[in-house]
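Engineer: File follows, coords-v9.cif with mmCIF, C-alpha atoms:
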```
data_upload
loop_
_atom_site.group_PDB
_atom_site.id
_atom_site.type_symbol
_atom_site.label_atom_id
_atom_site.label_comp_id
_atom_site.auth_asym_id
_atom_site.auth_seq_id
_atom_site.Cartn_x
_atom_site.Cartn_y
_atom_site.Cartn_z
ATOM 1 C CA MET A 1 39.482 -2.845 -0.021
ATOM 2 C CA GLU A 2 35.844 -3.386 -0.949
ATOM 3 C CA GLU A 3 33.454 -0.521 -0.165
ATOM 4 C CA GLU A 4 30.973 -1.314 2.618
ATOM 5 C CA PRO A 5 27.356 -0.870 1.486
ATOM 6 C CA SER A 6 25.409 1.866 3.255
ATOM 7 C CA PHE A 7 22.838 -0.617 4.502
ATOM 8 C CA VAL A 8 23.593 -4.191 5.426
ATOM 9 C CA PRO A 9 20.803 -6.741 4.871
ATOM 10 C CA GLY A 10 19.812 -9.060 7.679
ATOM 11 C CA VAL A 11 21.261 -6.961 10.517
ATOM 12 C CA SER A 12 20.020 -8.223 13.860
ATOM 13 C CA ARG A 13 20.574 -7.478 17.534
ATOM 14 C CA TRP A 14 20.509 -11.252 18.035
ATOM 15 C CA ARG A 15 23.185 -13.676 16.851
ATOM 16 C CA ALA A 16 22.068 -16.650 14.767
ATOM 17 C CA ASP A 17 22.422 -18.834 17.898
ATOM 18 C CA GLY A 18 19.936 -16.604 19.802
ATOM 19 C CA THR A 19 22.522 -14.683 21.860
ATOM 20 C CA ARG A 20 21.416 -11.098 22.466
ATOM 21 C CA LEU A 21 23.738 -8.324 21.340
ATOM 22 C CA THR A 22 23.935 -4.732 22.588
ATOM 23 C CA ALA A 23 20.389 -3.311 22.852
ATOM 24 C CA ASP A 24 17.325 -2.992 25.101
ATOM 25 C CA PHE A 25 14.934 -5.948 25.118
ATOM 26 C CA GLY A 26 11.525 -6.883 26.510
ATOM 27 C CA THR A 27 8.906 -9.594 26.156
ATOM 28 C CA TRP A 28 5.466 -8.742 24.769
ATOM 29 C CA ARG A 29 2.761 -11.360 24.247
ATOM 30 C CA GLY A 30 5.266 -14.165 24.744
ATOM 31 C CA GLN A 31 7.818 -12.946 22.201
ATOM 32 C CA GLU A 32 11.051 -11.088 22.857
ATOM 33 C CA TYR A 33 11.515 -7.796 20.997
ATOM 34 C CA GLU A 34 14.125 -5.120 20.817
ATOM 35 C CA LEU A 35 12.917 -1.935 22.540
ATOM 36 C CA LEU A 36 13.560 1.582 21.326
ATOM 37 C CA SER A 37 14.074 2.505 24.985
ATOM 38 C CA ARG A 38 13.517 0.922 28.398
ATOM 39 C CA ARG A 39 11.725 4.079 29.560
ATOM 40 C CA ARG A 40 7.998 4.442 29.067
ATOM 41 C CA ASP A 41 6.785 7.588 27.377
ATOM 42 C CA ALA A 42 4.317 10.133 28.798
ATOM 43 C CA GLU A 43 1.367 7.960 27.672
ATOM 44 C CA GLY A 44 2.743 4.932 29.550
ATOM 45 C CA THR A 45 3.828 3.017 26.455
ATOM 46 C CA LEU A 46 7.014 1.335 25.320
ATOM 47 C CA CYS A 47 8.070 1.175 21.697
ATOM 48 C CA LEU A 48 8.890 -2.219 20.186
ATOM 49 C CA LEU A 49 11.439 -2.177 17.366
ATOM 50 C CA SER A 50 11.877 -4.569 14.446
ATOM 51 C CA ARG A 51 14.699 -4.440 11.910
ATOM 52 C CA ALA A 52 13.153 -7.077 9.626
ATOM 53 C CA ASP A 53 12.673 -6.473 5.921
ATOM 54 C CA LYS A 54 8.902 -6.248 6.405
ATOM 55 C CA ALA A 55 6.827 -4.995 9.322
ATOM 56 C CA PRO A 56 5.731 -7.777 11.695
ATOM 57 C CA GLY A 57 2.109 -6.686 11.375
ATOM 58 C CA PRO A 58 -0.239 -4.068 9.912
ATOM 59 C CA ASP A 59 -0.220 -1.893 13.064
ATOM 60 C CA TRP A 60 3.538 -1.318 12.936
ATOM 61 C CA ARG A 61 4.846 2.066 11.705
ATOM 62 C CA THR A 62 7.747 1.967 9.242
ATOM 63 C CA ARG A 63 10.532 4.521 8.957
ATOM 64 C CA LYS A 64 13.177 4.643 6.254
ATOM 65 C CA MET A 65 16.584 5.114 7.843
ATOM 66 C CA HIS A 66 19.372 7.467 6.818
ATOM 67 C CA PRO A 67 21.707 5.438 4.589
ATOM 68 C CA ASN A 68 24.844 6.284 6.567
ATOM 69 C CA ASN A 69 23.723 4.820 9.905
ATOM 70 C CA PHE A 70 26.219 2.141 10.922
ATOM 71 C CA ALA A 71 24.945 -1.456 11.191
ATOM 72 C CA GLU A 72 21.425 -0.606 10.076
ATOM 73 C CA THR A 73 18.851 -2.057 7.751
ATOM 74 C CA PRO A 74 17.026 0.272 5.317
ATOM 75 C CA TYR A 75 13.867 0.290 7.432
ATOM 76 C CA ARG A 76 12.862 0.143 11.078
ATOM 77 C CA HIS A 77 9.385 -0.871 12.186
ATOM 78 C CA PHE A 78 7.844 0.458 15.416
ATOM 79 C CA LEU A 79 4.863 -0.480 17.566
ATOM 80 C CA ASP A 80 3.822 1.353 20.729
ATOM 81 C CA VAL A 81 2.361 -0.995 23.351
ATOM 82 C CA PRO A 82 1.226 -0.454 26.966
ATOM 83 C CA ALA A 83 4.308 -0.675 29.201
ATOM 84 C CA ALA A 84 2.342 -2.846 31.630
ATOM 85 C CA GLU A 85 2.177 -5.559 28.936
ATOM 86 C CA VAL A 86 5.978 -5.727 28.508
ATOM 87 C CA THR A 87 7.931 -7.973 30.878
ATOM 88 C CA ASN A 88 11.567 -9.034 31.268
ATOM 89 C CA ILE A 89 12.832 -5.577 30.318
ATOM 90 C CA LEU A 90 16.609 -5.435 30.265
ATOM 91 C CA ARG A 91 19.607 -3.704 28.762
ATOM 92 C CA VAL A 92 22.267 -5.963 27.241
ATOM 93 C CA GLU A 93 25.754 -4.742 26.483
ATOM 94 C CA THR A 94 27.789 -7.344 24.638
ATOM 95 C CA THR A 95 31.502 -6.774 24.517
ATOM 96 C CA GLY A 96 34.493 -8.570 23.131
ATOM 97 C CA GLU A 97 38.210 -8.202 22.877
ATOM 98 C CA LEU A 98 40.390 -7.839 19.806
ATOM 99 C CA GLY A 99 43.602 -9.004 21.454
ATOM 100 C CA ARG A 100 45.857 -7.093 23.836
ATOM 101 C CA ASN A 101 42.916 -6.009 26.010
ATOM 102 C CA ARG A 102 41.384 -3.884 23.228
ATOM 103 C CA LYS A 103 37.685 -3.891 24.117
ATOM 104 C CA VAL A 104 34.884 -3.470 21.595
ATOM 105 C CA GLN A 105 31.120 -3.314 21.879
ATOM 106 C CA ILE A 106 29.343 -5.915 19.708
ATOM 107 C CA LEU A 107 26.330 -4.199 18.172
ATOM 108 C CA ALA A 108 24.873 -6.560 15.570
ATOM 109 C CA GLU A 109 25.323 -9.588 13.372
ATOM 110 C CA ASP A 110 24.583 -9.626 9.645
ATOM 111 C CA ALA A 111 23.206 -12.438 7.491
ATOM 112 C CA ALA A 112 26.766 -13.512 6.582
ATOM 113 C CA GLY A 113 27.687 -13.914 10.266
ATOM 114 C CA ARG A 114 29.916 -10.828 10.466
ATOM 115 C CA LEU A 115 29.788 -8.773 13.661
ATOM 116 C CA ALA A 116 29.348 -5.007 13.802
ATOM 117 C CA VAL A 117 31.696 -3.710 16.478
ATOM 118 C CA MET A 118 32.633 -0.336 17.884
ATOM 119 C CA GLN A 119 35.724 0.507 19.838
ATOM 120 C CA SER A 120 34.472 0.851 23.401
ATOM 121 C CA SER A 121 37.452 2.177 25.321
ATOM 122 C CA LEU A 122 40.327 4.563 24.814
ATOM 123 C CA TRP A 123 42.737 2.976 22.385
ATOM 124 C CA ASP A 124 46.032 4.156 21.021
ATOM 125 C CA GLU A 125 45.532 5.904 17.706
ATOM 126 C CA SER A 126 47.865 3.342 16.109
ATOM 127 C CA ASP A 127 45.448 0.539 17.128
ATOM 128 C CA GLN A 128 42.525 2.480 15.682
ATOM 129 C CA ARG A 129 44.442 2.900 12.416
ATOM 130 C CA ARG A 130 45.105 -0.856 12.315
ATOM 131 C CA LEU A 131 41.332 -1.477 12.483
ATOM 132 C CA ILE A 132 40.800 1.044 9.695
ATOM 133 C CA THR A 133 43.506 -0.580 7.552
ATOM 134 C CA SER A 134 42.816 -4.246 8.389
ATOM 135 C CA TYR A 135 39.011 -4.268 8.498
ATOM 136 C CA GLY A 136 37.891 -1.084 6.778
ATOM 137 C CA PHE A 137 36.614 0.498 10.003
ATOM 138 C CA ARG A 138 35.532 4.112 9.841
ATOM 139 C CA PRO A 139 35.650 6.955 12.348
ATOM 140 C CA PHE A 140 32.281 8.472 13.203
ATOM 141 C CA SER A 141 33.297 11.914 11.982
ATOM 142 C CA ASP A 142 35.722 13.017 9.298
ATOM 143 C CA SER A 143 36.074 16.443 10.898
ATOM 144 C CA GLU A 144 37.306 15.285 14.326
ATOM 145 C CA PRO A 145 40.796 14.002 15.164
ATOM 146 C CA LEU A 146 40.871 10.214 15.318
ATOM 147 C CA SER A 147 42.163 10.330 18.886
ATOM 148 C CA HIS A 148 38.914 12.072 19.981
ATOM 149 C CA GLN A 149 36.452 9.502 18.677
ATOM 150 C CA SER A 150 35.602 5.851 18.249
ATOM 151 C CA VAL A 151 35.886 3.772 15.112
ATOM 152 C CA ALA A 152 33.444 1.083 14.027
ATOM 153 C CA GLY A 153 33.193 -1.618 11.405
ATOM 154 C CA TRP A 154 32.472 -5.235 10.554
ATOM 155 C CA ILE A 155 34.679 -8.178 11.473
ATOM 156 C CA PRO A 156 34.406 -11.911 10.872
ATOM 157 C CA ALA A 157 32.843 -13.675 13.862
ATOM 158 C CA GLU A 158 35.317 -16.537 13.702
ATOM 159 C CA PRO A 159 38.804 -15.994 15.113
ATOM 160 C CA GLU A 160 41.391 -14.883 12.622
ATOM 161 C CA ARG A 161 44.823 -16.001 13.631
ATOM 162 C CA ASN A 162 48.158 -15.269 12.055
ATOM 163 C CA PRO A 163 50.207 -18.446 12.520
ATOM 164 C CA ASP A 164 53.455 -16.521 11.954
ATOM 165 C CA ALA A 165 52.732 -13.987 14.707
ATOM 166 C CA GLY A 166 53.252 -14.280 18.420
ATOM 167 C CA GLN A 167 50.244 -14.694 20.736
ATOM 168 C CA GLN A 168 50.128 -10.946 21.449
ATOM 169 C CA ASP A 169 49.756 -10.049 17.782
ATOM 170 C CA ARG A 170 46.899 -12.384 16.973
ATOM 171 C CA GLU A 171 43.709 -10.610 16.013
ATOM 172 C CA PHE A 172 40.496 -12.239 17.132
ATOM 173 C CA LEU A 173 37.270 -11.476 18.869
ATOM 174 C CA THR A 174 36.697 -13.046 22.252
ATOM 175 C CA PRO A 175 33.161 -12.307 23.540
#
```
I'd like the structure from this file rewritten - as structure tokens, please.
Structural biologist:
Amino acid sequence: MEEEPSFVPGVSRWRADGTRLTADFGTWRGQEYELLSRRRDAEGTLCLLSRADKAPGPDWRTRKMHPNNFAETPYRHFLDVPAAEVTNILRVETTGELGRNRKVQILAEDAAGRLAVMQSSLWDESDQRRLITSYGFRPFSDSEPLSHQSVAGWIPAEPERNPDAGQQDREFLTP
């Protein structure tokens, strides 16, 4: 299996069709942004977040990310703005199913259209191992038993179906 790069270019909390994925969002000056948090800080500001290759403007702060953060770009750009100027603040949690009622949280989409997903409910360890084997998913910690943690990885956005398998054994994401 091919090794997943530490950083994935073009990672976005929006799908190419404009669908929001799991994150906090708000509108500032007519444009929707991802928010670092929906809670204002002590100064009454909210922090806008951009995962683009370059900062959206000269006032944005840039931070290089740790290379082992899942579904991240190498840099994040931040801008603190008055909370009163941000409207339509909401939390979106996008979920899907990988067959047999195995729920996942959909975190991001990359430039190739793959989806970053994380197991979002208690699964049998055998199902977690299938994700590790089939898609190269990884547990969040090597020092914890697999049964005590979630696994995460990238999957194709389009359904993958095994024509020789029964309906129950088909692997695909249904948002």
Engineer: Just how far from CA of Asn101 (chain A) is CA of Trp14 (chain A), in Å to one decimal?
Structural biologist: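 Between CA of Trp14 (chain A) and CA of Asn101 (chain A) the gap works out to 24.4 Å.
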Engineer: Please provide as a ChimeraX atom specification all residues within 7 Å of region 8-13 of chain A, with the sequence filter that same-chain residues fewer than 4 positions apart are discarded (counting all atoms listed in the file).
Structural biologist: /A:20-23,51,71-73,107-111
Engineer: Pull C-alpha atoms from the residues just selected and write them as a PDB file, in the coordinates of the input.
Structural biologist:
```pdb
ATOM      1  CA  ARG A  20      21.416 -11.098  22.466  1.00  0.00           C
ATOM      2  CA  LEU A  21      23.738  -8.324  21.340  1.00  0.00           C
ATOM      3  CA  THR A  22      23.935  -4.732  22.588  1.00  0.00           C
ATOM      4  CA  ALA A  23      20.389  -3.311  22.852  1.00  0.00           C
ATOM      5  CA  ARG A  51      14.699  -4.440  11.910  1.00  0.00           C
ATOM      6  CA  ALA A  71      24.945  -1.456  11.191  1.00  0.00           C
ATOM      7  CA  GLU A  72      21.425  -0.606  10.076  1.00  0.00           C
ATOM      8  CA  THR A  73      18.851  -2.057   7.751  1.00  0.00           C
ATOM      9  CA  LEU A 107      26.330  -4.199  18.172  1.00  0.00           C
ATOM     10  CA  ALA A 108      24.873  -6.560  15.570  1.00  0.00           C
ATOM     11  CA  GLU A 109      25.323  -9.588  13.372  1.00  0.00           C
ATOM     12  CA  ASP A 110      24.583  -9.626   9.645  1.00  0.00           C
ATOM     13  CA  ALA A 111      23.206 -12.438   7.491  1.00  0.00           C
TER      14      ALA A 111
END
```
Engineer: Residues within 10 Å of Thr27 (chain A), please, as a PyMOL selection string. Count all atoms listed in the file; anything in the same chain fewer than 2 positions from it doesn't count.
Structural biologist: chain A and resi 25+29-35+48+85-90
Engineer: Keeping only C-alpha atoms, write those residues as a PDB file, keeping the file's coordinate frame.
Structural biologist:
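New file result.pdb:
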```pdb
ATOM      1  CA  PHE A  25      14.934  -5.948  25.118  1.00  0.00           C
ATOM      2  CA  ARG A  29       2.761 -11.360  24.247  1.00  0.00           C
ATOM      3  CA  GLY A  30       5.266 -14.165  24.744  1.00  0.00           C
ATOM      4  CA  GLN A  31       7.818 -12.946  22.201  1.00  0.00           C
ATOM      5  CA  GLU A  32      11.051 -11.088  22.857  1.00  0.00           C
ATOM      6  CA  TYR A  33      11.515  -7.796  20.997  1.00  0.00           C
ATOM      7  CA  GLU A  34      14.125  -5.120  20.817  1.00  0.00           C
ATOM      8  CA  LEU A  35      12.917  -1.935  22.540  1.00  0.00           C
ATOM      9  CA  LEU A  48       8.890  -2.219  20.186  1.00  0.00           C
ATOM     10  CA  GLU A  85       2.177  -5.559  28.936  1.00  0.00           C
ATOM     11  CA  VAL A  86       5.978  -5.727  28.508  1.00  0.00           C
ATOM     12  CA  THR A  87       7.931  -7.973  30.878  1.00  0.00           C
ATOM     13  CA  ASN A  88      11.567  -9.034  31.268  1.00  0.00           C
ATOM     14  CA  ILE A  89      12.832  -5.577  30.318  1.00  0.00           C
ATOM     15  CA  LEU A  90      16.609  -5.435  30.265  1.00  0.00           C
TER      16      LEU A  90
END
```
Engineer: Could you list the residues chosen by the PyMOL selection byres ((chain A and resi 128) around 9) in this structure as a PyMOL selection string?
Structural biologist: chain A and resi 119+123-127+129-133+137+139+146-147+150-151
Engineer: So, counting all atoms listed in the file, which residue among A:Lys103, A:Met118, A:Ala83, A:Trp28 is closest to Glu43 (chain A)?
Structural biologist: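 Result for the nearest residue to Glu43 (chain A): A:Ala83.
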Engineer: Can you take region 124-146 of chain A from the block and write C-alpha atoms as a PDB file, in the first residue's frame?
Structural biologist:
```pdb
ATOM      1  CA  ASP A 124     -16.032  -3.972  16.184  1.00  0.00           C
ATOM      2  CA  GLU A 125     -12.256  -4.174  16.117  1.00  0.00           C
ATOM      3  CA  SER A 126     -12.524  -6.435  13.057  1.00  0.00           C
ATOM      4  CA  ASP A 127     -14.280  -3.606  11.147  1.00  0.00           C
ATOM      5  CA  GLN A 128     -11.574  -1.162  12.203  1.00  0.00           C
ATOM      6  CA  ARG A 129      -8.917  -3.589  10.949  1.00  0.00           C
ATOM      7  CA  ARG A 130     -10.729  -3.854   7.602  1.00  0.00           C
ATOM      8  CA  LEU A 131     -10.468  -0.055   7.215  1.00  0.00           C
ATOM      9  CA  ILE A 132      -6.776  -0.228   8.081  1.00  0.00           C
ATOM     10  CA  THR A 133      -6.199  -3.039   5.568  1.00  0.00           C
ATOM     11  CA  SER A 134      -8.525  -1.842   2.782  1.00  0.00           C
ATOM     12  CA  TYR A 135      -7.924   1.915   2.891  1.00  0.00           C
ATOM     13  CA  GLY A 136      -4.730   2.413   4.865  1.00  0.00           C
ATOM     14  CA  PHE A 137      -6.524   3.990   7.836  1.00  0.00           C
ATOM     15  CA  ARG A 138      -4.475   4.642  10.941  1.00  0.00           C
ATOM     16  CA  PRO A 139      -5.312   4.604  14.639  1.00  0.00           C
ATOM     17  CA  PHE A 140      -4.707   7.883  16.447  1.00  0.00           C
ATOM     18  CA  SER A 141      -2.217   6.331  18.846  1.00  0.00           C
ATOM     19  CA  ASP A 142       0.168   3.421  18.463  1.00  0.00           C
ATOM     20  CA  SER A 143       0.344   2.952  22.227  1.00  0.00           C
ATOM     21  CA  GLU A 144      -3.385   2.390  22.850  1.00  0.00           C
ATOM     22  CA  PRO A 145      -5.360  -0.775  22.064  1.00  0.00           C
ATOM     23  CA  LEU A 146      -7.298  -0.420  18.824  1.00  0.00           C
TER      24      LEU A 146
END
```
